[in-house]
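S.K.: The structure that follows is given in the form of structure tokens.
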Amino acid sequence: MGSAELASAQPDPAAIHTADVAMRRVKRYLADHAEERDIRLVVGGDPDDTLSVPRSAVELLARILAHMAAGRAVSVVPAHAELTTQQAADLLNVSRPYLIGLLDDGKIEYRKVGKHRRVRADSLMDYKREDDHDRRNVADELTELNREMGLY
């Protein structure tokens, strides 16, 4: 398994507008057709040329479009991909030395290839989800304390 290439698409103003319109239509379609497991897409405007796509792929497309509509660059990384420490640090928006500390503390799984560390994308995302959850809990506790103290 090699390292992942992290290519990203930075949307320009026209792409932001197009992504916003498309995202709204895709989300509306998904909400209106919640029972459908596969989504049939018309290719090139020809009703006879349709493509069946798993619902999960269309839901992922909606999330990608939402990020693009917000003007953010988007990268797609397979869960099994192995990232360099710099790529992993970039995805967490932390410094490489900070990431190395997380790896050394056993908070994120990695393996060594020679003297280099490789981080699986799914392990990195597990850590990110757990960290985000912990941060939300702390923020909720602080909000509750402020409310109890009447500080709002």
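So you can find residues: chains in the structure tokens are A, B, ... in the order shown, residues in each start at 1, and ligands are numbered from 1 in order.
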What's around Arg55 in chain A at 12 Å? Count only C-alpha atoms, leave out sequence neighbours fewer than 6 positions away in its own chain, and write the answer as an mmCIF file with N, CA and C atoms, in the first residue's frame.

M.R.:
```cif
data_model
loop_
_atom_site.group_PDB
_atom_site.id
_atom_site.type_symbol
_atom_site.label_atom_id
_atom_site.label_comp_id
_atom_site.auth_asym_id
_atom_site.auth_seq_id
_atom_site.Cartn_x
_atom_site.Cartn_y
_atom_site.Cartn_z
ATOM 1 N N VAL A 26 -29.297 18.091 -5.009
ATOM 2 C CA VAL A 26 -28.969 16.731 -4.578
ATOM 3 C C VAL A 26 -29.563 16.463 -3.197
ATOM 4 N N LYS A 27 -29.405 17.397 -2.266
ATOM 5 C CA LYS A 27 -29.955 17.207 -0.919
ATOM 6 C C LYS A 27 -31.473 17.107 -0.949
ATOM 7 N N TYR A 29 -33.282 16.036 -3.464
ATOM 8 C CA TYR A 29 -33.609 14.737 -4.046
ATOM 9 C C TYR A 29 -33.459 13.630 -3.006
ATOM 10 N N LEU A 30 -32.353 13.656 -2.253
ATOM 11 C CA LEU A 30 -32.132 12.624 -1.239
ATOM 12 C C LEU A 30 -33.219 12.651 -0.162
ATOM 13 N N ALA A 31 -33.630 13.836 0.241
ATOM 14 C CA ALA A 31 -34.684 13.964 1.253
ATOM 15 C C ALA A 31 -36.028 13.464 0.712
ATOM 16 N N HIS A 33 -36.481 11.251 -1.601
ATOM 17 C CA HIS A 33 -36.405 9.836 -1.992
ATOM 18 C C HIS A 33 -35.596 9.049 -0.958
ATOM 19 N N ALA A 34 -35.954 9.222 0.294
ATOM 20 C CA ALA A 34 -35.190 8.628 1.399
ATOM 21 C C ALA A 34 -35.154 7.108 1.359
ATOM 22 N N GLU A 35 -36.122 6.489 0.714
ATOM 23 C CA GLU A 35 -36.192 5.028 0.699
ATOM 24 C C GLU A 35 -35.314 4.393 -0.375
ATOM 25 N N GLU A 36 -34.833 5.167 -1.319
ATOM 26 C CA GLU A 36 -34.042 4.612 -2.429
ATOM 27 C C GLU A 36 -32.620 4.289 -1.993
ATOM 28 N N ARG A 37 -32.198 3.045 -2.280
ATOM 29 C CA ARG A 37 -30.835 2.616 -1.955
ATOM 30 C C ARG A 37 -29.871 2.946 -3.091
ATOM 31 N N ASP A 38 -30.344 2.881 -4.305
ATOM 32 C CA ASP A 38 -29.540 3.240 -5.474
ATOM 33 C C ASP A 38 -30.206 4.415 -6.167
ATOM 34 N N ILE A 39 -29.403 5.335 -6.650
ATOM 35 C CA ILE A 39 -29.909 6.520 -7.329
ATOM 36 C C ILE A 39 -29.584 6.386 -8.814
ATOM 37 N N ARG A 40 -30.596 6.613 -9.644
ATOM 38 C CA ARG A 40 -30.408 6.532 -11.098
ATOM 39 C C ARG A 40 -30.148 7.937 -11.625
ATOM 40 N N LEU A 41 -29.007 8.102 -12.299
ATOM 41 C CA LEU A 41 -28.621 9.388 -12.860
ATOM 42 C C LEU A 41 -28.704 9.340 -14.377
ATOM 43 N N LEU A 61 -21.214 12.848 -2.362
ATOM 44 C CA LEU A 61 -21.186 13.934 -3.347
ATOM 45 C C LEU A 61 -21.835 15.194 -2.770
ATOM 46 N N ALA A 62 -22.942 15.035 -2.064
ATOM 47 C CA ALA A 62 -23.612 16.192 -1.459
ATOM 48 C C ALA A 62 -22.694 16.882 -0.449
#
```

S.K.: Hey, what does DSSP flag as strand (DSSP E) within chain A? Can you give it to me as a VMD selection string?

M.R.: chain A and resid 8 to 9 38 to 43 46 to 54 74 to 75 82 to 83 110 to 113 116 to 120

S.K.: Output N, CA and C atoms for every residue in the selection just made, as a compact mmCIF listing (two decimals), in the first residue's frame.

M.R.:
```
# COMPACT_ATOMS: atom_id res chain seq x y z
N SER A 8 -6.35 18.17 -4.45
CA SER A 8 -7.56 18.84 -4.01
C SER A 8 -8.06 19.77 -5.10
N ALA A 9 -9.34 20.07 -5.03
CA ALA A 9 -9.97 20.97 -5.98
C ALA A 9 -10.38 22.24 -5.26
N ASP A 38 -30.34 2.88 -4.31
CA ASP A 38 -29.54 3.24 -5.47
C ASP A 38 -30.21 4.42 -6.17
N ILE A 39 -29.40 5.33 -6.65
CA ILE A 39 -29.91 6.52 -7.33
C ILE A 39 -29.58 6.39 -8.81
N ARG A 40 -30.60 6.61 -9.64
CA ARG A 40 -30.41 6.53 -11.10
C ARG A 40 -30.15 7.94 -11.63
N LEU A 41 -29.01 8.10 -12.30
CA LEU A 41 -28.62 9.39 -12.86
C LEU A 41 -28.70 9.34 -14.38
N VAL A 42 -29.22 10.40 -14.95
CA VAL A 42 -29.26 10.51 -16.41
C VAL A 42 -27.92 11.09 -16.84
N VAL A 43 -27.28 10.42 -17.81
CA VAL A 43 -25.95 10.82 -18.26
C VAL A 43 -26.07 11.59 -19.57
N ASP A 46 -29.43 12.29 -21.88
CA ASP A 46 -30.13 11.23 -22.62
C ASP A 46 -30.84 10.31 -21.63
N PRO A 47 -32.20 10.35 -21.58
CA PRO A 47 -32.94 9.52 -20.62
C PRO A 47 -32.69 8.02 -20.78
N ASP A 48 -32.26 7.61 -21.98
CA ASP A 48 -31.95 6.20 -22.20
C ASP A 48 -30.58 5.81 -21.66
N ASP A 49 -29.77 6.80 -21.33
CA ASP A 49 -28.42 6.54 -20.82
C ASP A 49 -28.38 6.90 -19.35
N THR A 50 -28.69 5.92 -18.49
CA THR A 50 -28.72 6.16 -17.04
C THR A 50 -27.62 5.38 -16.35
N LEU A 51 -27.29 5.86 -15.19
CA LEU A 51 -26.24 5.26 -14.38
C LEU A 51 -26.80 5.03 -12.99
N SER A 52 -26.62 3.83 -12.45
CA SER A 52 -27.07 3.53 -11.10
C SER A 52 -25.90 3.74 -10.15
N VAL A 53 -26.12 4.57 -9.11
CA VAL A 53 -25.06 4.94 -8.17
C VAL A 53 -25.55 4.62 -6.75
N PRO A 54 -24.70 4.04 -5.92
CA PRO A 54 -25.12 3.78 -4.53
C PRO A 54 -25.48 5.08 -3.81
N VAL A 74 -11.46 20.61 -1.59
CA VAL A 74 -11.91 19.28 -1.20
C VAL A 74 -10.90 18.25 -1.68
N SER A 75 -10.60 17.29 -0.80
CA SER A 75 -9.76 16.15 -1.15
C SER A 75 -10.52 14.88 -0.77
N GLU A 82 -2.48 5.23 2.98
CA GLU A 82 -1.46 5.56 3.97
C GLU A 82 -0.92 6.94 3.66
N LEU A 83 -0.86 7.77 4.69
CA LEU A 83 -0.45 9.15 4.53
C LEU A 83 0.92 9.36 5.16
N TYR A 110 -0.06 3.96 13.47
CA TYR A 110 0.81 4.16 12.32
C TYR A 110 1.73 2.96 12.19
N ARG A 111 2.44 2.90 11.11
CA ARG A 111 3.46 1.87 10.94
C ARG A 111 4.70 2.54 10.38
N LYS A 112 5.80 1.88 10.54
CA LYS A 112 7.06 2.42 10.04
C LYS A 112 7.42 1.72 8.74
N VAL A 113 7.88 2.51 7.80
CA VAL A 113 8.42 2.00 6.54
C VAL A 113 9.85 2.53 6.51
N HIS A 116 10.54 5.99 8.13
CA HIS A 116 9.39 6.88 7.92
C HIS A 116 8.11 6.29 8.51
N ARG A 117 7.29 7.16 9.06
CA ARG A 117 5.99 6.75 9.59
C ARG A 117 4.93 6.89 8.50
N ARG A 118 4.00 5.95 8.49
CA ARG A 118 2.84 6.02 7.60
C ARG A 118 1.58 5.89 8.43
N VAL A 119 0.64 6.78 8.21
CA VAL A 119 -0.59 6.85 8.99
C VAL A 119 -1.75 6.45 8.09
N ARG A 120 -2.54 5.48 8.53
CA ARG A 120 -3.72 5.10 7.74
C ARG A 120 -4.78 6.19 7.88
```

S.K.: Hey, which of A:Arg147, A:Arg135, A:Lys128, A:His17 ends up closest to Leu99 in chain A? Count only C-alpha atoms.

M.R.: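 Nearest to Leu99 in chain A: A:Lys128.
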
S.K.: In terms of the shortest atom-to-atom distance over only C-alpha atoms, which of A:Ala69, A:Asn146, A:Glu141, A:Asp132 is closest to Ala14 in chain A?

M.R.: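 Smallest distance to Ala14 in chain A is found for A:Ala69.
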
S.K.: May I have all residues of chain A that DSSP, computed from the backbone, assigns to helix (DSSP H, G or I), given as a PDB file with C-alpha atoms, in the first residue's frame?

M.R.:
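Now in result-v3.pdb:
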```
ATOM      1  CA  PRO A  13     -16.379  31.735  -7.894  1.00  0.00           C
ATOM      2  CA  ALA A  14     -18.210  30.066 -10.799  1.00  0.00           C
ATOM      3  CA  ALA A  15     -17.612  26.601  -9.330  1.00  0.00           C
ATOM      4  CA  ILE A  16     -18.803  27.810  -5.918  1.00  0.00           C
ATOM      5  CA  HIS A  17     -22.103  28.951  -7.429  1.00  0.00           C
ATOM      6  CA  THR A  18     -22.518  25.753  -9.465  1.00  0.00           C
ATOM      7  CA  ALA A  19     -21.696  23.594  -6.419  1.00  0.00           C
ATOM      8  CA  ASP A  20     -24.235  25.511  -4.297  1.00  0.00           C
ATOM      9  CA  VAL A  21     -27.034  24.973  -6.828  1.00  0.00           C
ATOM     10  CA  ALA A  22     -26.125  21.309  -7.330  1.00  0.00           C
ATOM     11  CA  MET A  23     -25.817  20.656  -3.587  1.00  0.00           C
ATOM     12  CA  ARG A  24     -29.303  22.030  -2.925  1.00  0.00           C
ATOM     13  CA  ARG A  25     -30.804  19.872  -5.690  1.00  0.00           C
ATOM     14  CA  VAL A  26     -28.969  16.731  -4.578  1.00  0.00           C
ATOM     15  CA  LYS A  27     -29.955  17.207  -0.919  1.00  0.00           C
ATOM     16  CA  ARG A  28     -33.572  17.867  -1.883  1.00  0.00           C
ATOM     17  CA  TYR A  29     -33.609  14.737  -4.046  1.00  0.00           C
ATOM     18  CA  LEU A  30     -32.132  12.624  -1.239  1.00  0.00           C
ATOM     19  CA  ALA A  31     -34.684  13.964   1.253  1.00  0.00           C
ATOM     20  CA  ASP A  32     -37.597  13.368  -1.149  1.00  0.00           C
ATOM     21  CA  ARG A  55     -26.960   6.194  -2.248  1.00  0.00           C
ATOM     22  CA  SER A  56     -23.864   6.499  -0.041  1.00  0.00           C
ATOM     23  CA  ALA A  57     -21.865   7.813  -3.022  1.00  0.00           C
ATOM     24  CA  VAL A  58     -24.527  10.450  -3.730  1.00  0.00           C
ATOM     25  CA  GLU A  59     -24.570  11.434  -0.036  1.00  0.00           C
ATOM     26  CA  LEU A  60     -20.784  11.832  -0.209  1.00  0.00           C
ATOM     27  CA  LEU A  61     -21.186  13.934  -3.347  1.00  0.00           C
ATOM     28  CA  ALA A  62     -23.612  16.192  -1.459  1.00  0.00           C
ATOM     29  CA  ARG A  63     -21.011  16.694   1.292  1.00  0.00           C
ATOM     30  CA  ILE A  64     -18.305  17.462  -1.271  1.00  0.00           C
ATOM     31  CA  LEU A  65     -20.584  19.976  -2.971  1.00  0.00           C
ATOM     32  CA  ALA A  66     -21.381  21.604   0.397  1.00  0.00           C
ATOM     33  CA  HIS A  67     -17.679  22.172   1.068  1.00  0.00           C
ATOM     34  CA  MET A  68     -17.125  23.521  -2.441  1.00  0.00           C
ATOM     35  CA  ALA A  69     -20.172  25.792  -2.117  1.00  0.00           C
ATOM     36  CA  THR A  85       3.164  12.511   8.564  1.00  0.00           C
ATOM     37  CA  GLN A  86       3.009  15.861   6.750  1.00  0.00           C
ATOM     38  CA  GLN A  87      -0.177  14.867   4.894  1.00  0.00           C
ATOM     39  CA  ALA A  88      -1.731  13.633   8.153  1.00  0.00           C
ATOM     40  CA  ALA A  89      -0.739  16.843   9.960  1.00  0.00           C
ATOM     41  CA  ASP A  90      -2.230  18.914   7.127  1.00  0.00           C
ATOM     42  CA  LEU A  91      -5.521  17.005   7.345  1.00  0.00           C
ATOM     43  CA  LEU A  92      -5.715  17.626  11.098  1.00  0.00           C
ATOM     44  CA  ARG A  96       4.019  17.887  11.956  1.00  0.00           C
ATOM     45  CA  PRO A  97       5.838  17.802  15.339  1.00  0.00           C
ATOM     46  CA  TYR A  98       2.475  17.874  17.154  1.00  0.00           C
ATOM     47  CA  LEU A  99       1.266  14.952  15.000  1.00  0.00           C
ATOM     48  CA  ILE A 100       4.462  13.017  15.759  1.00  0.00           C
ATOM     49  CA  GLY A 101       3.667  13.482  19.461  1.00  0.00           C
ATOM     50  CA  LEU A 102       0.186  12.031  18.912  1.00  0.00           C
ATOM     51  CA  LEU A 103       1.703   9.058  17.097  1.00  0.00           C
ATOM     52  CA  ASP A 104       4.339   8.494  19.790  1.00  0.00           C
ATOM     53  CA  ALA A 121      -6.393   7.581   6.762  1.00  0.00           C
ATOM     54  CA  ASP A 122      -9.115   5.661   8.628  1.00  0.00           C
ATOM     55  CA  SER A 123      -7.080   5.706  11.850  1.00  0.00           C
ATOM     56  CA  LEU A 124      -6.493   9.434  11.434  1.00  0.00           C
ATOM     57  CA  MET A 125     -10.197  10.094  10.849  1.00  0.00           C
ATOM     58  CA  ASP A 126     -11.115   7.959  13.893  1.00  0.00           C
ATOM     59  CA  TYR A 127      -8.855  10.172  16.006  1.00  0.00           C
ATOM     60  CA  LYS A 128     -10.334  13.326  14.454  1.00  0.00           C
ATOM     61  CA  ARG A 129     -13.909  12.190  15.158  1.00  0.00           C
ATOM     62  CA  GLU A 130     -13.053  11.318  18.762  1.00  0.00           C
ATOM     63  CA  ASP A 131     -11.188  14.614  19.265  1.00  0.00           C
ATOM     64  CA  ASP A 132     -14.064  16.612  17.742  1.00  0.00           C
ATOM     65  CA  HIS A 133     -16.515  14.772  20.020  1.00  0.00           C
ATOM     66  CA  ASP A 134     -14.378  15.523  23.085  1.00  0.00           C
ATOM     67  CA  ARG A 135     -14.121  19.208  22.108  1.00  0.00           C
ATOM     68  CA  ARG A 136     -17.901  19.464  21.678  1.00  0.00           C
ATOM     69  CA  ASN A 137     -18.424  17.905  25.113  1.00  0.00           C
ATOM     70  CA  VAL A 138     -16.039  20.376  26.738  1.00  0.00           C
ATOM     71  CA  ALA A 139     -17.727  23.285  24.951  1.00  0.00           C
ATOM     72  CA  ASP A 140     -21.134  22.025  26.113  1.00  0.00           C
ATOM     73  CA  GLU A 141     -19.860  21.783  29.707  1.00  0.00           C
ATOM     74  CA  LEU A 142     -18.504  25.337  29.547  1.00  0.00           C
ATOM     75  CA  THR A 143     -21.786  26.598  28.140  1.00  0.00           C
ATOM     76  CA  GLU A 144     -23.679  24.871  30.937  1.00  0.00           C
ATOM     77  CA  LEU A 145     -21.339  26.352  33.563  1.00  0.00           C
ATOM     78  CA  ASN A 146     -21.843  29.828  32.094  1.00  0.00           C
ATOM     79  CA  ARG A 147     -25.597  29.300  32.162  1.00  0.00           C
ATOM     80  CA  GLU A 148     -25.506  28.134  35.796  1.00  0.00           C
ATOM     81  CA  MET A 149     -23.418  31.179  36.746  1.00  0.00           C
TER      82      MET A 149
END
```
